[in-house]
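I have placed the structure first, in the form of structure tokens, so that the comments after it can refer back to it.
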Amino acid sequence: MPGTDRLTLRRPDDWHLHLRDGALLRAVLPATLKRFGRAVVMPNLRPPVTGLAEAAGYRDRILALVPSDIRFQPLMTCYAADDTDPDQVETGWRDGLFAAVKLYPAHATTNSDRGVTDPARIRGLLERLQRLGMPLLVHGEVTDPGIDVFDREAVFLDRVLAPMLADFPALRVVLEHVTTADAVAFVRAHAADGRLGATITVHHLLLNRNALFAGGLRPHAWCLPVLKRERHRLALVDAATSGEPWFFLGTDSAPHPVTAKESARGCAGIFTAPAALELYAEVFDRAGALDRLEAFASLNGPRFYRLPVNRDTVTLERGRWRMAETVGGVVPFRAGADIEWRLVP
Ligand code: DOR
Ligand code: ZN
């Protein structure tokens, strides 16, 4: 397999995706439809997707844009707020509307101002999720302004996640977009019984924090959690390519209009969807681990979420192509530069 030029895998899924709404949704969705069979759709719209009617409406707006010859399933998430009603979450879960609940610590990132101010306030919700076996998806960063922004994930593990996992021993958690060696070690230490998983983005696998300052301030490399040192990137590559079942693909592709990125207070988010799978192939190829891409991209996620793997396949081949400068008014990752792998139509 190393040295291979062509690779067929079960169709992958994206276990962490921002699709937005309206015209932006219409512009960005096709990139995901081309590559992924399912996507866990983040609820941080404005206003956030907190209720059953909002989630069903959003799901239907997504599905209305899926051509009839494409099978795609958006897996909807419920935005947790301090006052989220556990009964409503349970109804959404039982009806197959909600696949998971998303926990944003209030003010941690884009549109998180209605997030959870203190996990102690959602104990009832966490108890219910634990009882249902319904996954809690966690943006794992503290928001304490006294903590250095590069340390916010590591501090979250100690201060918030470790106590939460201890208090709710059967709660099923996905630590989203892990960015540090600390998080990789934490997941390995807690994952063996299958109750903790982690997604890894392709931008955190490809870039370290130098990319933020390469020849000038680079708004298109700005995301949350922020890029980290090279040693952390290497730990992420090791985790993703390890084949360990608790690590799986989640792009966190997060489109913002170019004007919102190239601004004095640019929004966090990197739009990787237009080459997401090809970029992961690049990472795995460089690591000599193309034979593990299918586990990471197509098998481990369904296993954690207790869903079947997709029945169809996708094929990638080695071959250079040039990413567009913009896609629907959004600057994609690698804009105007080369991608090393391509999808075979
Ligand atoms: O970079 C990010 N962008 N990180 C997040 O947590 C949210 C996301 C967004 O919605 O733009
Ligand atoms: Zn995200």
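Ordering of the structure tokens sets the chain letters (A, B, ...); residue numbers start at 1 within each chain; ligands are numbered from 1 in the order shown.
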
Restrict the calculation to only C-alpha atoms, then for each residue of segment 9-49 of chain A with any atom at most 12 Å from an atom of segment 279-290 of chain A give the closest atom pair and their distance in Å to one decimal, rows by chain and rising residue number, as a tab-separated table.
```
residue	atom	partner	partner_atom	distance
A:Leu9	CA	A:Leu290	CA	10.5
A:Pro12	CA	A:Tyr280	CA	11.3
A:Asp14	CA	A:Tyr280	CA	11.8
A:Arg35	CA	A:Leu279	CA	11.9
```

Within 6 Å of ligand 1 (only C-alpha atoms and all ligand atoms), residues as a ChimeraX atom specification = /A:109-110,223-224,254,268-269

Would you mind exporting C-alpha atoms of the selected residues as a tab-separated table (two decimals), in the first residue's frame?
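So again26.tsv came out as:
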```tsv
chain	number	residue	atom	x	y	z
A	109	THR	CA	-15.85	30.33	19.63
A	110	THR	CA	-18.11	31.48	16.75
A	223	CYS	CA	-9.31	28.77	13.61
A	224	LEU	CA	-10.34	27.60	17.04
A	254	ALA	CA	-15.98	26.35	8.77
A	268	ALA	CA	-12.15	31.78	13.24
A	269	GLY	CA	-12.67	28.96	10.78
```

List all protein, DNA and RNA residues that have at least one atom no more than 10 Å from any atom of ligand 2, counting only C-alpha atoms and all ligand atoms, and write them as a CSV table (one decimal) with N, CA and C atoms, in the first residue's frame.
```csv
chain,number,residue,atom,x,y,z
A,16,HIS,N,-17.8,16.2,11.9
A,16,HIS,CA,-17.8,17.5,12.4
A,16,HIS,C,-17.8,18.6,11.3
A,17,LEU,N,-18.9,19.2,11.0
A,17,LEU,CA,-19.0,20.1,9.8
A,17,LEU,C,-19.9,21.3,10.1
A,18,HIS,N,-19.4,22.4,9.6
A,18,HIS,CA,-20.3,23.6,9.6
A,18,HIS,C,-20.8,23.9,8.2
A,41,VAL,N,-23.7,17.8,11.6
A,41,VAL,CA,-23.9,19.2,11.2
A,41,VAL,C,-23.9,20.1,12.5
A,42,MET,N,-23.0,21.0,12.6
A,42,MET,CA,-22.9,21.8,13.8
A,42,MET,C,-24.1,22.8,13.9
A,43,PRO,N,-24.5,23.1,15.2
A,43,PRO,CA,-25.7,23.9,15.4
A,43,PRO,C,-25.5,25.3,15.7
A,44,ASN,N,-24.3,25.8,15.4
A,44,ASN,CA,-24.0,27.2,15.9
A,44,ASN,C,-24.4,28.2,14.8
A,102,LYS,N,-24.3,19.2,21.2
A,102,LYS,CA,-23.0,19.9,21.1
A,102,LYS,C,-22.9,20.8,22.3
A,104,TYR,N,-20.8,23.8,23.6
A,104,TYR,CA,-19.9,24.9,23.5
A,104,TYR,C,-19.8,25.6,24.8
A,109,THR,N,-16.1,30.3,21.1
A,109,THR,CA,-15.8,30.3,19.6
A,109,THR,C,-17.0,31.0,18.9
A,110,THR,N,-17.1,30.9,17.6
A,110,THR,CA,-18.1,31.5,16.8
A,110,THR,C,-19.5,31.1,17.3
A,138,VAL,N,-18.0,17.8,22.4
A,138,VAL,CA,-17.4,18.8,23.2
A,138,VAL,C,-16.4,19.7,22.5
A,139,HIS,N,-16.7,21.0,22.5
A,139,HIS,CA,-15.6,22.0,22.2
A,139,HIS,C,-14.8,22.1,23.4
A,176,GLU,N,-14.0,17.1,20.4
A,176,GLU,CA,-13.9,17.6,19.0
A,176,GLU,C,-12.6,18.2,18.7
A,177,HIS,N,-12.2,18.1,17.4
A,177,HIS,CA,-11.0,18.8,16.9
A,177,HIS,C,-9.9,18.9,17.9
A,201,THR,N,-9.1,17.4,12.7
A,201,THR,CA,-9.3,18.1,11.4
A,201,THR,C,-8.0,18.0,10.5
A,223,CYS,N,-8.2,29.6,13.2
A,223,CYS,CA,-9.3,28.8,13.6
A,223,CYS,C,-9.3,28.6,15.1
A,224,LEU,N,-10.3,28.0,15.6
A,224,LEU,CA,-10.3,27.6,17.0
A,224,LEU,C,-10.7,26.1,17.2
A,225,PRO,N,-10.0,25.4,18.0
A,225,PRO,CA,-8.8,25.8,18.7
A,225,PRO,C,-7.7,26.2,17.8
A,250,GLY,N,-13.1,14.4,11.3
A,250,GLY,CA,-14.1,15.5,11.4
A,250,GLY,C,-13.4,16.8,10.9
A,251,THR,N,-13.9,17.3,9.8
A,251,THR,CA,-13.1,18.4,9.1
A,251,THR,C,-13.2,19.7,9.9
A,252,ASP,N,-14.3,19.9,10.6
A,252,ASP,CA,-14.5,21.3,11.2
A,252,ASP,C,-14.4,22.3,10.1
A,253,SER,N,-14.7,21.9,8.8
A,253,SER,CA,-14.7,22.9,7.8
A,253,SER,C,-15.7,24.0,8.1
A,254,ALA,N,-15.2,25.3,8.2
A,254,ALA,CA,-16.0,26.4,8.8
A,254,ALA,C,-15.9,27.6,7.9
A,268,ALA,N,-12.9,33.0,13.2
A,268,ALA,CA,-12.2,31.8,13.2
A,268,ALA,C,-12.9,30.7,12.4
A,269,GLY,N,-12.1,30.0,11.6
A,269,GLY,CA,-12.7,29.0,10.8
A,269,GLY,C,-11.9,28.8,9.5
A,270,ILE,N,-11.7,27.5,9.1
A,270,ILE,CA,-10.9,27.2,7.9
A,270,ILE,C,-11.8,26.3,7.0
```

Compile the contact shell of segment 144-153 of chain A as a list in words: residues with an atom at most 9 Å away, counting only C-alpha atoms, same-chain residues fewer than 2 positions apart removed.
-> His139, Gly140, Glu141, Val142, Val155, Phe156, Leu157, Val178, Thr179, Thr180, Asp182, Ala183, Pro225, Val226, Leu227 and Lys228 of chain A

Using the selection just defined, write its residues with C-alpha atoms as an mmCIF file, in the first residue's frame.
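Just written: selection-v9.cif:
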```cif
data_model
loop_
_atom_site.group_PDB
_atom_site.id
_atom_site.type_symbol
_atom_site.label_atom_id
_atom_site.label_comp_id
_atom_site.auth_asym_id
_atom_site.auth_seq_id
_atom_site.Cartn_x
_atom_site.Cartn_y
_atom_site.Cartn_z
ATOM 1 C CA HIS A 139 -15.621 21.973 22.151
ATOM 2 C CA GLY A 140 -12.805 21.418 24.617
ATOM 3 C CA GLU A 141 -11.438 24.820 25.535
ATOM 4 C CA VAL A 142 -11.730 26.869 28.709
ATOM 5 C CA VAL A 155 -6.475 23.165 30.777
ATOM 6 C CA PHE A 156 -9.984 22.096 29.733
ATOM 7 C CA LEU A 157 -8.962 18.440 29.980
ATOM 8 C CA VAL A 178 -8.185 17.755 19.198
ATOM 9 C CA THR A 179 -5.116 19.926 18.697
ATOM 10 C CA THR A 180 -2.551 18.944 21.306
ATOM 11 C CA ASP A 182 -2.101 16.430 25.745
ATOM 12 C CA ALA A 183 -5.501 15.715 24.187
ATOM 13 C CA PRO A 225 -8.820 25.798 18.744
ATOM 14 C CA VAL A 226 -5.864 27.790 17.394
ATOM 15 C CA LEU A 227 -3.055 25.950 15.568
ATOM 16 C CA LYS A 228 -0.376 24.655 17.919
#
```

Which of these residues is nearest to Leu343 of chain A, using only C-alpha atoms: A:Pro67, A:Gly329, A:Pro274, A:Pro48?
->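 Closest candidate: A:Pro274.
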
Could you pull the residues within 6 Å of Thr77 of chain A, counting only C-alpha atoms, minus those fewer than 6 positions along the same chain, as an NGL selection string?
-> :A and (43 or 98-101)

The selected residues should be written to file as a JSON list (two decimals), in the first residue's frame (atoms: all heavy atoms).
```
[["chain", "number", "residue", "atom", "x", "y", "z"],
["A", 43, "PRO", "N", -24.52, 23.08, 15.15],
["A", 43, "PRO", "CA", -25.74, 23.86, 15.36],
["A", 43, "PRO", "C", -25.49, 25.33, 15.66],
["A", 43, "PRO", "O", -26.41, 26.02, 16.10],
["A", 43, "PRO", "CB", -26.33, 23.18, 16.60],
["A", 43, "PRO", "CG", -25.11, 22.83, 17.41],
["A", 43, "PRO", "CD", -24.01, 22.49, 16.41],
["A", 98, "PHE", "N", -32.10, 14.13, 16.34],
["A", 98, "PHE", "CA", -30.81, 14.51, 16.90],
["A", 98, "PHE", "C", -29.89, 13.30, 16.97],
["A", 98, "PHE", "O", -30.26, 12.25, 17.52],
["A", 98, "PHE", "CB", -30.95, 15.06, 18.32],
["A", 98, "PHE", "CG", -31.57, 16.42, 18.42],
["A", 98, "PHE", "CD1", -32.49, 16.70, 19.42],
["A", 98, "PHE", "CD2", -31.21, 17.43, 17.54],
["A", 98, "PHE", "CE1", -33.05, 17.96, 19.53],
["A", 98, "PHE", "CE2", -31.77, 18.70, 17.65],
["A", 98, "PHE", "CZ", -32.69, 18.96, 18.65],
["A", 99, "ALA", "N", -28.67, 13.48, 16.45],
["A", 99, "ALA", "CA", -27.66, 12.42, 16.57],
["A", 99, "ALA", "C", -26.79, 12.64, 17.80],
["A", 99, "ALA", "O", -26.12, 11.71, 18.27],
["A", 99, "ALA", "CB", -26.78, 12.39, 15.33],
["A", 100, "ALA", "N", -26.78, 13.88, 18.30],
["A", 100, "ALA", "CA", -25.88, 14.22, 19.41],
["A", 100, "ALA", "C", -26.25, 15.60, 19.94],
["A", 100, "ALA", "O", -27.02, 16.34, 19.32],
["A", 100, "ALA", "CB", -24.43, 14.24, 18.93],
["A", 101, "VAL", "N", -25.66, 15.92, 21.09],
["A", 101, "VAL", "CA", -25.76, 17.27, 21.66],
["A", 101, "VAL", "C", -24.39, 17.90, 21.59],
["A", 101, "VAL", "O", -23.38, 17.25, 21.86],
["A", 101, "VAL", "CB", -26.26, 17.21, 23.13],
["A", 101, "VAL", "CG1", -26.10, 18.56, 23.82],
["A", 101, "VAL", "CG2", -27.71, 16.75, 23.17]]
```

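Secondary structure of segment 44-286 of chain A, strand (DSSP E) only (DSSP, backbone atoms): Gln73, Pro74, Leu75, Met76, Thr77, Cys78, Tyr79, Phe98, Ala99, Ala100, Val101, Lys102, Leu103, Leu136, Leu137, Val138, Val173, Val174, Leu175, Leu196, Gly197, Ala198, Thr199, Ile200, Phe247, Phe248 and Leu249 of chain A.
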
Tell me, which residues of segment 25-251 of chain A carry DSSP alpha helix (DSSP H), written as a VMD selection string?
-> chain A and resid 25 to 35 52 to 63 86 to 94 123 to 132 152 to 156 162 to 167 181 to 190 202 to 206 230 to 240

So which one's closest to Leu196 of chain A, A:Arg303, A:Lys261, A:His256, A:Arg334? Using only C-alpha atoms, please.
->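 Nearest candidate to Leu196 of chain A out of A:Arg303, A:Lys261, A:His256, A:Arg334: A:Arg303.
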